[in-house]
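Raw contents of data-v2.csv, CSV, C-alpha atoms and all ligand atoms:
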```
chain,number,residue,atom,x,y,z
A,101,MET,CA,-12.1,-21.7,-9.2
A,102,GLY,CA,-11.8,-18.4,-7.4
A,103,VAL,CA,-12.7,-17.4,-3.8
A,104,ARG,CA,-15.9,-15.4,-3.6
A,105,THR,CA,-16.2,-12.8,-0.9
A,106,ALA,CA,-18.1,-9.6,-0.1
A,107,LEU,CA,-15.2,-7.7,-1.8
A,108,THR,CA,-15.5,-9.7,-5.1
A,109,ASP,CA,-19.2,-9.2,-5.0
A,110,LEU,CA,-19.0,-5.5,-4.3
A,111,PHE,CA,-16.6,-4.8,-7.2
A,112,GLY,CA,-17.5,-7.6,-9.6
A,113,VAL,CA,-13.9,-8.9,-9.6
A,114,GLU,CA,-12.7,-12.4,-9.8
A,115,HIS,CA,-10.2,-12.5,-6.9
A,116,PRO,CA,-10.1,-10.9,-3.5
A,117,ILE,CA,-6.8,-9.3,-4.3
A,118,VAL,CA,-6.3,-5.5,-4.3
A,119,LEU,CA,-3.2,-3.7,-5.4
A,120,ALA,CA,-2.1,-1.3,-2.7
A,121,PRO,CA,-2.1,2.4,-3.9
A,122,MET,CA,1.7,2.7,-3.6
A,123,GLY,CA,2.5,6.4,-4.2
A,124,GLY,CA,4.3,6.8,-7.5
A,125,VAL,CA,4.9,3.1,-7.8
A,126,ALA,CA,1.5,1.7,-8.6
A,127,GLY,CA,0.9,3.4,-12.0
A,128,GLY,CA,-1.4,2.6,-14.9
A,129,GLU,CA,0.5,-0.4,-16.2
A,130,LEU,CA,0.6,-2.2,-12.9
A,131,ALA,CA,-3.0,-1.3,-11.9
A,132,ALA,CA,-4.2,-2.4,-15.3
A,133,ALA,CA,-2.3,-5.7,-15.1
A,134,VAL,CA,-3.8,-6.5,-11.7
A,135,SER,CA,-7.3,-5.6,-12.7
A,136,ASP,CA,-7.1,-7.4,-16.0
A,137,ALA,CA,-5.9,-10.5,-14.1
A,138,GLY,CA,-9.1,-10.4,-12.0
A,139,GLY,CA,-7.9,-8.4,-9.0
A,140,LEU,CA,-8.6,-4.8,-8.3
A,141,GLY,CA,-5.8,-2.4,-9.4
A,142,LEU,CA,-5.4,0.9,-7.6
A,143,LEU,CA,-3.3,3.9,-8.7
A,144,GLY,CA,-1.1,5.3,-6.0
A,145,ALA,CA,-1.7,9.0,-6.4
A,146,GLY,CA,-0.1,10.1,-3.1
A,147,GLY,CA,-1.5,13.6,-2.3
A,148,GLY,CA,-3.0,13.8,-5.8
A,149,ASP,CA,-0.6,14.9,-8.5
A,150,VAL,CA,-3.2,15.5,-11.2
A,151,ASP,CA,-0.6,15.5,-14.1
A,152,TRP,CA,0.8,12.2,-13.0
A,153,LEU,CA,-2.7,10.8,-12.5
A,154,GLY,CA,-4.0,11.9,-15.9
A,155,ARG,CA,-1.1,10.2,-17.6
A,156,GLU,CA,-1.4,7.0,-15.6
A,157,ILE,CA,-5.2,6.8,-16.0
A,158,ASP,CA,-4.7,7.1,-19.8
A,159,ILE,CA,-2.3,4.2,-19.7
A,160,LEU,CA,-4.6,2.2,-17.5
A,161,LYS,CA,-7.7,2.7,-19.6
A,162,ALA,CA,-5.8,1.7,-22.8
A,163,ARG,CA,-4.9,-1.6,-21.1
A,164,THR,CA,-8.1,-2.7,-19.3
A,165,GLU,CA,-11.8,-2.3,-19.2
A,166,LYS,CA,-12.0,-4.0,-15.7
A,167,PRO,CA,-12.8,-2.1,-12.5
A,168,TRP,CA,-9.9,0.0,-11.0
A,169,GLY,CA,-9.5,2.6,-8.3
A,170,ILE,CA,-7.4,5.5,-6.9
A,171,GLY,CA,-5.7,5.8,-3.5
A,172,LEU,CA,-5.2,9.2,-1.9
A,173,LEU,CA,-3.5,10.4,1.2
A,174,ALA,CA,-6.1,12.0,3.5
A,175,TRP,CA,-3.6,14.3,5.1
A,176,ALA,CA,-2.4,15.7,1.8
A,177,VAL,CA,-5.4,15.8,-0.6
A,178,GLU,CA,-7.2,19.0,-1.5
A,179,ALA,CA,-10.9,19.2,-2.1
A,180,ALA,CA,-10.4,20.3,-5.8
A,181,VAL,CA,-8.2,17.3,-6.4
A,182,LEU,CA,-10.8,15.0,-5.0
A,183,GLU,CA,-13.4,16.5,-7.3
A,184,TRP,CA,-11.0,15.9,-10.2
A,185,VAL,CA,-10.5,12.3,-9.1
A,186,ILE,CA,-14.2,11.7,-8.7
A,187,ALA,CA,-14.7,13.0,-12.3
A,188,GLN,CA,-12.5,10.1,-13.5
A,189,ARG,CA,-15.2,7.7,-12.2
A,190,PRO,CA,-12.9,5.1,-10.5
A,191,SER,CA,-14.7,2.1,-9.1
A,192,VAL,CA,-13.3,2.9,-5.6
A,193,ILE,CA,-11.5,5.7,-3.9
A,194,VAL,CA,-9.2,4.8,-1.0
A,195,LEU,CA,-8.3,7.3,1.7
A,196,SER,CA,-5.4,6.5,3.9
A,197,PHE,CA,-3.5,8.2,6.7
A,198,GLY,CA,-5.0,11.3,8.2
A,199,ASP,CA,-8.6,12.4,8.9
A,200,PRO,CA,-10.9,11.1,6.1
A,201,ALA,CA,-13.9,13.0,7.6
A,202,PRO,CA,-13.7,16.1,5.4
A,203,PHE,CA,-13.9,14.0,2.3
A,204,ALA,CA,-16.0,11.0,3.1
A,205,SER,CA,-19.4,12.5,2.2
A,206,THR,CA,-18.1,14.0,-1.1
A,207,VAL,CA,-17.0,10.5,-2.2
A,208,ARG,CA,-20.1,8.8,-1.1
A,209,ASP,CA,-22.5,11.5,-2.5
A,210,ALA,CA,-20.7,11.0,-5.9
A,211,GLY,CA,-21.9,7.3,-5.7
A,212,ILE,CA,-18.3,6.0,-5.6
A,213,PRO,CA,-17.5,3.3,-3.1
A,214,LEU,CA,-15.2,4.6,-0.3
A,215,ALA,CA,-12.5,2.5,1.2
A,216,ILE,CA,-10.6,3.8,4.3
A,217,GLN,CA,-7.3,2.4,5.3
A,218,VAL,CA,-6.8,2.4,9.1
A,219,THR,CA,-4.0,1.6,11.5
A,220,THR,CA,-5.8,1.8,14.8
A,221,LEU,CA,-9.1,0.5,16.2
A,222,ASP,CA,-10.3,4.0,16.9
A,223,ASP,CA,-9.7,5.0,13.3
A,224,ALA,CA,-11.5,1.8,12.2
A,225,ARG,CA,-14.5,2.9,14.3
A,226,GLN,CA,-14.4,6.4,12.7
A,227,ALA,CA,-14.2,4.9,9.2
A,228,LEU,CA,-17.3,2.8,10.0
A,229,ASP,CA,-19.1,5.8,11.4
A,230,LEU,CA,-18.3,7.8,8.2
A,231,GLY,CA,-20.0,5.0,6.2
A,232,ALA,CA,-16.9,3.5,4.6
A,233,ASP,CA,-17.8,0.7,2.1
A,234,VAL,CA,-14.6,-1.1,2.8
A,235,VAL,CA,-12.1,-0.8,5.7
A,236,VAL,CA,-8.5,-1.7,5.2
A,237,ALA,CA,-6.8,-2.8,8.3
A,238,GLN,CA,-3.0,-2.2,7.9
A,239,GLY,CA,-0.4,-3.8,10.2
A,240,SER,CA,3.1,-2.6,10.8
A,241,GLU,CA,4.6,-5.3,8.7
A,242,ALA,CA,3.5,-3.2,5.7
A,243,GLY,CA,5.8,-1.4,3.4
A,244,GLY,CA,5.6,2.4,3.4
A,245,HIS,CA,3.9,4.5,6.0
A,246,GLY,CA,1.8,3.0,8.8
A,247,GLU,CA,1.7,2.6,12.5
A,248,GLY,CA,2.2,0.0,15.2
A,249,ARG,CA,-0.4,-2.8,15.1
A,250,GLY,CA,0.5,-6.3,13.9
A,251,THR,CA,-1.7,-7.6,11.1
A,252,LEU,CA,-2.5,-10.9,12.8
A,253,PRO,CA,-4.4,-9.5,15.8
A,254,PHE,CA,-5.5,-6.2,14.2
A,255,VAL,CA,-7.4,-7.6,11.2
A,256,PRO,CA,-9.8,-9.8,13.3
A,257,ALA,CA,-10.3,-7.0,15.8
A,258,VAL,CA,-11.4,-4.7,13.0
A,259,VAL,CA,-13.6,-7.5,11.5
A,260,ASP,CA,-15.3,-7.9,14.9
A,261,ILE,CA,-16.5,-4.3,14.9
A,262,ALA,CA,-17.1,-4.0,11.1
A,263,GLY,CA,-20.4,-5.9,11.0
A,264,ALA,CA,-21.4,-6.4,7.3
A,265,THR,CA,-18.7,-3.9,6.0
A,266,PRO,CA,-15.9,-5.8,4.2
A,267,VAL,CA,-12.5,-5.6,5.7
A,268,LEU,CA,-9.3,-6.0,3.8
A,269,ALA,CA,-6.0,-7.1,5.4
A,270,ALA,CA,-2.9,-5.2,4.6
A,271,GLY,CA,0.7,-5.7,5.7
A,272,GLY,CA,2.9,-8.7,5.2
A,273,ILE,CA,0.8,-10.6,2.6
A,274,ALA,CA,2.8,-11.8,-0.4
A,275,ASN,CA,1.4,-15.1,-1.4
A,276,GLY,CA,-1.7,-17.4,-1.4
A,277,ARG,CA,-1.0,-18.6,2.1
A,278,GLY,CA,-1.1,-15.0,3.3
A,279,LEU,CA,-4.3,-14.4,1.4
A,280,ALA,CA,-5.8,-17.6,2.9
A,281,ALA,CA,-4.8,-16.5,6.4
A,282,ALA,CA,-6.4,-13.1,5.8
A,283,LEU,CA,-9.7,-14.8,4.7
A,284,VAL,CA,-9.6,-17.1,7.8
A,285,LEU,CA,-9.2,-14.0,10.0
A,286,GLY,CA,-12.5,-12.8,8.6
A,287,ALA,CA,-11.2,-10.4,6.0
A,288,ALA,CA,-12.9,-10.2,2.6
A,289,GLY,CA,-9.5,-10.0,0.8
A,290,ALA,CA,-6.0,-8.6,0.9
A,291,MET,CA,-4.5,-5.4,-0.1
A,292,ILE,CA,-1.0,-6.1,-1.3
A,293,GLY,CA,1.8,-3.6,-1.8
A,294,THR,CA,5.4,-4.8,-1.4
A,295,ARG,CA,4.9,-8.1,-3.4
A,296,PHE,CA,3.5,-6.1,-6.4
A,297,GLU,CA,6.3,-3.5,-6.0
A,298,ALA,CA,8.7,-6.2,-7.2
A,299,THR,CA,6.9,-6.8,-10.5
A,300,PRO,CA,8.2,-5.5,-13.9
A,301,GLU,CA,5.1,-3.3,-14.2
A,302,ALA,CA,5.8,-1.2,-11.1
A,303,LEU,CA,7.3,2.2,-11.5
A,304,LEU,CA,10.7,1.3,-10.1
A,305,SER,CA,14.2,1.2,-11.4
A,306,ALA,CA,15.9,-2.1,-12.1
A,307,ASP,CA,18.3,-1.5,-9.2
A,308,GLU,CA,15.4,-0.8,-6.8
A,309,ARG,CA,13.5,-3.9,-7.9
A,310,ALA,CA,16.6,-6.0,-7.5
A,311,ALA,CA,17.2,-4.6,-4.0
A,312,ILE,CA,13.7,-5.7,-3.0
A,313,VAL,CA,14.1,-9.2,-4.4
A,314,ALA,CA,17.5,-9.6,-2.7
A,315,ALA,CA,16.3,-8.2,0.7
A,316,GLY,CA,15.1,-10.0,3.8
A,317,ALA,CA,12.8,-8.6,6.4
A,318,ALA,CA,15.9,-7.8,8.6
A,319,ASP,CA,17.0,-5.4,5.9
A,320,THR,CA,13.9,-3.3,6.6
A,321,THR,CA,13.4,-0.6,9.2
A,322,ARG,CA,10.4,1.3,10.4
A,323,ASP,CA,11.2,4.9,11.4
A,324,ARG,CA,10.9,8.5,10.4
A,325,ILE,CA,14.4,8.9,9.0
A,326,LEU,CA,13.6,9.3,5.3
A,327,ASP,CA,10.8,11.7,6.1
A,328,LEU,CA,13.0,13.8,8.3
A,329,ALA,CA,15.7,13.8,5.7
A,330,GLN,CA,13.3,15.4,3.2
A,331,ASP,CA,11.5,17.7,5.6
A,332,SER,CA,8.4,15.8,4.6
A,333,PRO,CA,5.2,17.0,6.1
A,334,TRP,CA,3.9,13.5,6.9
A,335,PRO,CA,2.0,13.6,10.3
A,336,HIS,CA,4.3,12.6,13.1
A,337,ARG,CA,2.2,9.6,14.2
A,338,PHE,CA,3.1,7.6,11.0
A,339,THR,CA,6.5,5.9,10.6
A,340,ALA,CA,7.5,4.2,7.4
A,341,ARG,CA,9.0,0.8,6.7
A,342,THR,CA,11.8,1.0,4.1
A,343,LEU,CA,14.8,-1.0,3.0
A,344,ARG,CA,17.7,0.0,5.2
A,345,ASN,CA,20.6,1.7,3.5
A,346,ARG,CA,23.8,3.4,4.6
A,347,PHE,CA,21.9,6.6,5.4
A,348,THR,CA,19.2,5.0,7.5
A,349,ASP,CA,21.8,2.9,9.4
A,350,THR,CA,23.8,6.1,10.1
A,351,TRP,CA,20.8,7.9,11.6
A,352,HIS,CA,19.2,4.8,13.3
A,353,GLU,CA,17.8,5.9,16.7
A,354,ARG,CA,19.2,9.4,16.1
A,355,GLU,CA,16.1,11.0,14.6
A,356,ASP,CA,16.1,14.0,16.9
A,357,ALA,CA,19.7,14.9,15.7
A,358,LEU,CA,18.7,14.5,12.0
A,359,ARG,CA,15.7,16.8,12.4
A,360,PHE,CA,18.1,19.8,12.7
A,361,ASP,CA,21.1,18.7,10.6
A,362,THR,CA,21.0,20.6,7.4
A,363,THR,CA,24.3,19.2,6.2
A,364,ALA,CA,22.9,15.6,6.5
A,365,LYS,CA,19.8,16.7,4.6
A,366,GLU,CA,21.8,18.2,1.8
A,367,GLU,CA,24.0,15.1,1.7
A,368,PHE,CA,20.8,13.0,1.5
A,369,ALA,CA,19.3,15.1,-1.4
A,370,ALA,CA,22.5,14.9,-3.4
A,371,GLY,CA,22.7,11.1,-2.9
A,372,VAL,CA,19.1,10.7,-4.1
A,373,ASP,CA,19.7,13.0,-7.0
A,374,ARG,CA,22.5,10.8,-8.3
A,375,GLY,CA,20.4,7.6,-7.7
A,376,ASP,CA,22.9,6.4,-5.0
A,377,MET,CA,21.5,3.2,-3.4
A,378,ASP,CA,23.1,4.3,-0.1
A,379,TYR,CA,20.5,7.1,0.1
A,380,LEU,CA,17.5,6.2,-2.2
A,381,PRO,CA,14.3,5.6,-0.3
A,382,ILE,CA,12.8,2.2,-1.1
A,383,TRP,CA,9.6,1.7,0.8
A,384,ALA,CA,9.1,-2.0,1.3
A,385,GLY,CA,7.7,-4.3,4.0
A,386,GLU,CA,8.5,-7.5,5.9
A,387,ALA,CA,7.0,-9.5,2.9
A,388,VAL,CA,10.4,-9.1,1.2
A,389,ASP,CA,11.3,-12.4,2.9
A,390,LEU,CA,8.8,-14.0,0.6
A,391,ILE,CA,9.9,-12.4,-2.7
A,392,ALA,CA,12.4,-14.4,-4.8
A,393,ASP,CA,11.8,-12.9,-8.3
A,394,ALA,CA,10.2,-10.1,-10.3
A,395,GLU,CA,7.2,-12.1,-11.4
A,396,PRO,CA,4.9,-10.3,-13.8
A,397,ALA,CA,1.8,-8.9,-12.1
A,398,SER,CA,-0.8,-10.9,-14.0
A,399,ALA,CA,0.9,-14.2,-13.2
A,400,LEU,CA,1.3,-13.1,-9.6
A,401,VAL,CA,-2.5,-12.5,-9.2
A,402,ALA,CA,-3.3,-15.9,-10.7
A,403,ARG,CA,-0.7,-17.6,-8.5
A,404,ILE,CA,-1.8,-15.9,-5.3
A,405,ALA,CA,-5.5,-16.7,-6.0
A,406,ASP,CA,-4.7,-20.3,-6.9
A,407,GLU,CA,-2.4,-20.9,-3.9
A,408,ALA,CA,-5.0,-19.4,-1.5
A,409,VAL,CA,-7.6,-22.0,-2.7
A,410,GLN,CA,-5.1,-24.8,-2.3
A,411,ALA,CA,-4.0,-23.6,1.1
A,412,LEU,CA,-7.6,-23.4,2.4
A,413,HIS,CA,-8.2,-26.9,1.0
A,414,ARG,CA,-5.1,-28.2,2.6
A,415,VAL,CA,-6.2,-26.9,6.0
A,416,THR,CA,-9.7,-28.2,5.8
A,417,SER,CA,-8.7,-31.6,4.4
A,418,GLY,CA,-5.7,-32.1,6.7
A,419,THR,CA,-3.3,-32.6,3.8
A,420,PRO,CA,0.3,-31.8,4.7
A,421,PRO,CA,1.9,-28.9,2.7
A,422,ALA,CA,3.5,-30.0,-0.6
B,501,LIG,C1,6.3,1.5,-2.0
B,501,LIG,C2,5.1,1.7,-1.2
B,501,LIG,C3,4.4,2.9,-1.3
B,501,LIG,C4,3.2,3.1,-0.6
B,501,LIG,N1,2.6,4.3,-0.8
B,501,LIG,C5,1.3,4.4,-0.2
B,501,LIG,C6,0.5,5.6,-0.5
B,501,LIG,O1,1.0,6.5,-1.2
B,501,LIG,N2,-0.7,5.6,0.0
B,501,LIG,C7,-1.2,4.6,0.7
B,501,LIG,O2,-2.4,4.7,1.1
B,501,LIG,N3,-0.5,3.5,1.1
B,501,LIG,C8,0.8,3.4,0.6
B,501,LIG,N4,1.5,2.3,0.9
B,501,LIG,C9,1.0,1.3,1.8
B,501,LIG,C10,0.0,0.4,1.2
B,501,LIG,O3,-1.2,1.0,1.0
B,501,LIG,C11,-0.3,-0.9,2.0
B,501,LIG,O4,-0.8,-0.6,3.3
B,501,LIG,C12,1.0,-1.8,2.2
B,501,LIG,O5,1.7,-1.9,1.0
B,501,LIG,C13,0.5,-3.2,2.6
B,501,LIG,O6,1.6,-4.0,3.1
B,501,LIG,P1,2.6,-4.8,2.2
B,501,LIG,O7,3.5,-3.8,1.6
B,501,LIG,O8,3.3,-5.7,3.2
B,501,LIG,O9,1.8,-5.5,1.2
B,501,LIG,C14,2.7,2.1,0.2
B,501,LIG,C15,3.4,0.9,0.3
B,501,LIG,C16,4.6,0.7,-0.4
B,501,LIG,C17,5.3,-0.6,-0.3
```
Kindly return the structure encoded in the file as structure tokens.
Amino acid sequence: MGVRTALTDLFGVEHPIVLAPMGGVAGGELAAAVSDAGGLGLLGAGGGDVDWLGREIDILKARTEKPWGIGLLAWAVEAAVLEWVIAQRPSVIVLSFGDPAPFASTVRDAGIPLAIQVTTLDDARQALDLGADVVVAQGSEAGGHGEGRGTLPFVPAVVDIAGATPVLAAGGIANGRGLAAALVLGAAGAMIGTRFEATPEALLSADERAAIVAAGAADTTRDRILDLAQDSPWPHRFTARTLRNRFTDTWHEREDALRFDTTAKEEFAAGVDRGDMDYLPIWAGEAVDLIADAEPASALVARIADEAVQALHRVTSGTPPA
């Protein structure tokens, strides 16, 4: 038996489990596996590389007929790309990071549900004013880019202002206990990234996957180092949680020096080119503490859903944890 929420009703899915739109990592195979298992799979399109998206959508459509969606970075997406994405008729478009205002009415007028991922209460208010159909409240435990709120107090604060609009919790959720906690906080489900990053379906090398499985939360850092090293145009307010490596340890708390160090940036680019783990960016969140293997995505969805039901039952019946 699954958990029915406003999210499962809105999208006609079995479980309130959404694959985070991890840029370049959540491709067609992973999104299809999550959707087919009864969750909602999202393609991580970043700023909207149409060649990449076209390829991954073909893979996805060959593997599932269930609902799926596309996530885009609001600060990077262009109007023409959004039109192309709309023409693919996803079941949801997620806009994250940056101002969604220029795009919200285009998505809504196309009759496609709009989800907006937010990292502050002010942005949550804006998302609601723009008519978002779903608000994703992301805490700083999350892998990848984000900001400074903790998931535990942030999610209920967003729920409290969201009225009937479903809220998803994101950041630090990797198992059924995490999903159950999100539901108890008032969320209609969880958007999960890092845990799905460690599945065989994710677009990651075997070394990167193994690094995530081996890491603990203390092996992550939240900073701007990898963006500065690549002269990435990410808005300054967003930092990113990544696995630490030799390069991030070298520049820890020396971001201002890195900003102008062309030699260090060249060294970084060369390290990444040769696939050197001392340099490779691996965006991952505190949930790495809870990842012990590279479980396939479909089994993972079923397990998280099942564990959540059991966890909720345990709490209400007073049964001690197994
Ligand atoms: C490898 C990776 C890449 C990500 N890329 C994106 C992205 O391109 N767009 C986006 O909206 N969120 C991105 N995120 C953040 C997720 O949307 C989500 O907030 C986060 O994964 C939730 O926290 P968790 O990683 O603890 O599950 C990324 C996360 C990870 C781990």
message = List as a PyMOL selection string the protein and nucleic acid residues lying within 7 Å of ligand LIG 501 (chain B), with all atoms listed in the file counted.
response = chain A and resi 120-123+125+144-146+171-173+195-197+217+238+241-245+270-274+291-295+297+382-387
What's the 8 Å shell around segment 149-155 of chain A, counting all atoms listed in the file, without same-chain residues fewer than 4 positions away, as an mmCIF file with C-alpha atoms, keeping the file's coordinate frame?
```
data_model
loop_
_atom_site.group_PDB
_atom_site.id
_atom_site.type_symbol
_atom_site.label_atom_id
_atom_site.label_comp_id
_atom_site.auth_asym_id
_atom_site.auth_seq_id
_atom_site.Cartn_x
_atom_site.Cartn_y
_atom_site.Cartn_z
ATOM 1 C CA LEU A 143 -3.300 3.900 -8.700
ATOM 2 C CA ALA A 145 -1.700 9.000 -6.400
ATOM 3 C CA ILE A 159 -2.300 4.200 -19.700
ATOM 4 C CA VAL A 181 -8.200 17.300 -6.400
ATOM 5 C CA TRP A 184 -11.000 15.900 -10.200
#
```
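Reported to one decimal place, the separation of atom CA of Gly112 of chain A from atom CA of His413 of chain A is 23.9 Å.
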request  = Determine, counting all atoms listed in the file, which protein, DNA and RNA residues have an atom within 9 Å of an atom of segment 337-349 of chain A; residues of the same chain fewer than 2 positions away are not included. Present the result as a VMD selection string.
outcome  = chain A and resid 197 240 to 248 311 to 312 315 317 to 327 334 to 335 351 to 353 368 377 to 386
query = Within 8 Å of Ile212 of chain A, counting only C-alpha atoms, which residues qualify if same-chain residues fewer than 2 places away don't, as a VMD selection string?
reply = chain A and resid 186 189 to 193 207 to 210 214
ask   = So which residues touch Ile216 of chain A within 9 Å, counting all atoms listed in the file, skipping near sequence neighbours fewer than 4 positions away, as a list in words?
value =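 Selected residues are Ile193, Val194, Leu195, Ser196, Phe197, Pro200, Ala224, Ala227, Leu228, Ala232, Asp233, Val234, Val235, Val236 and Ala237 of chain A.
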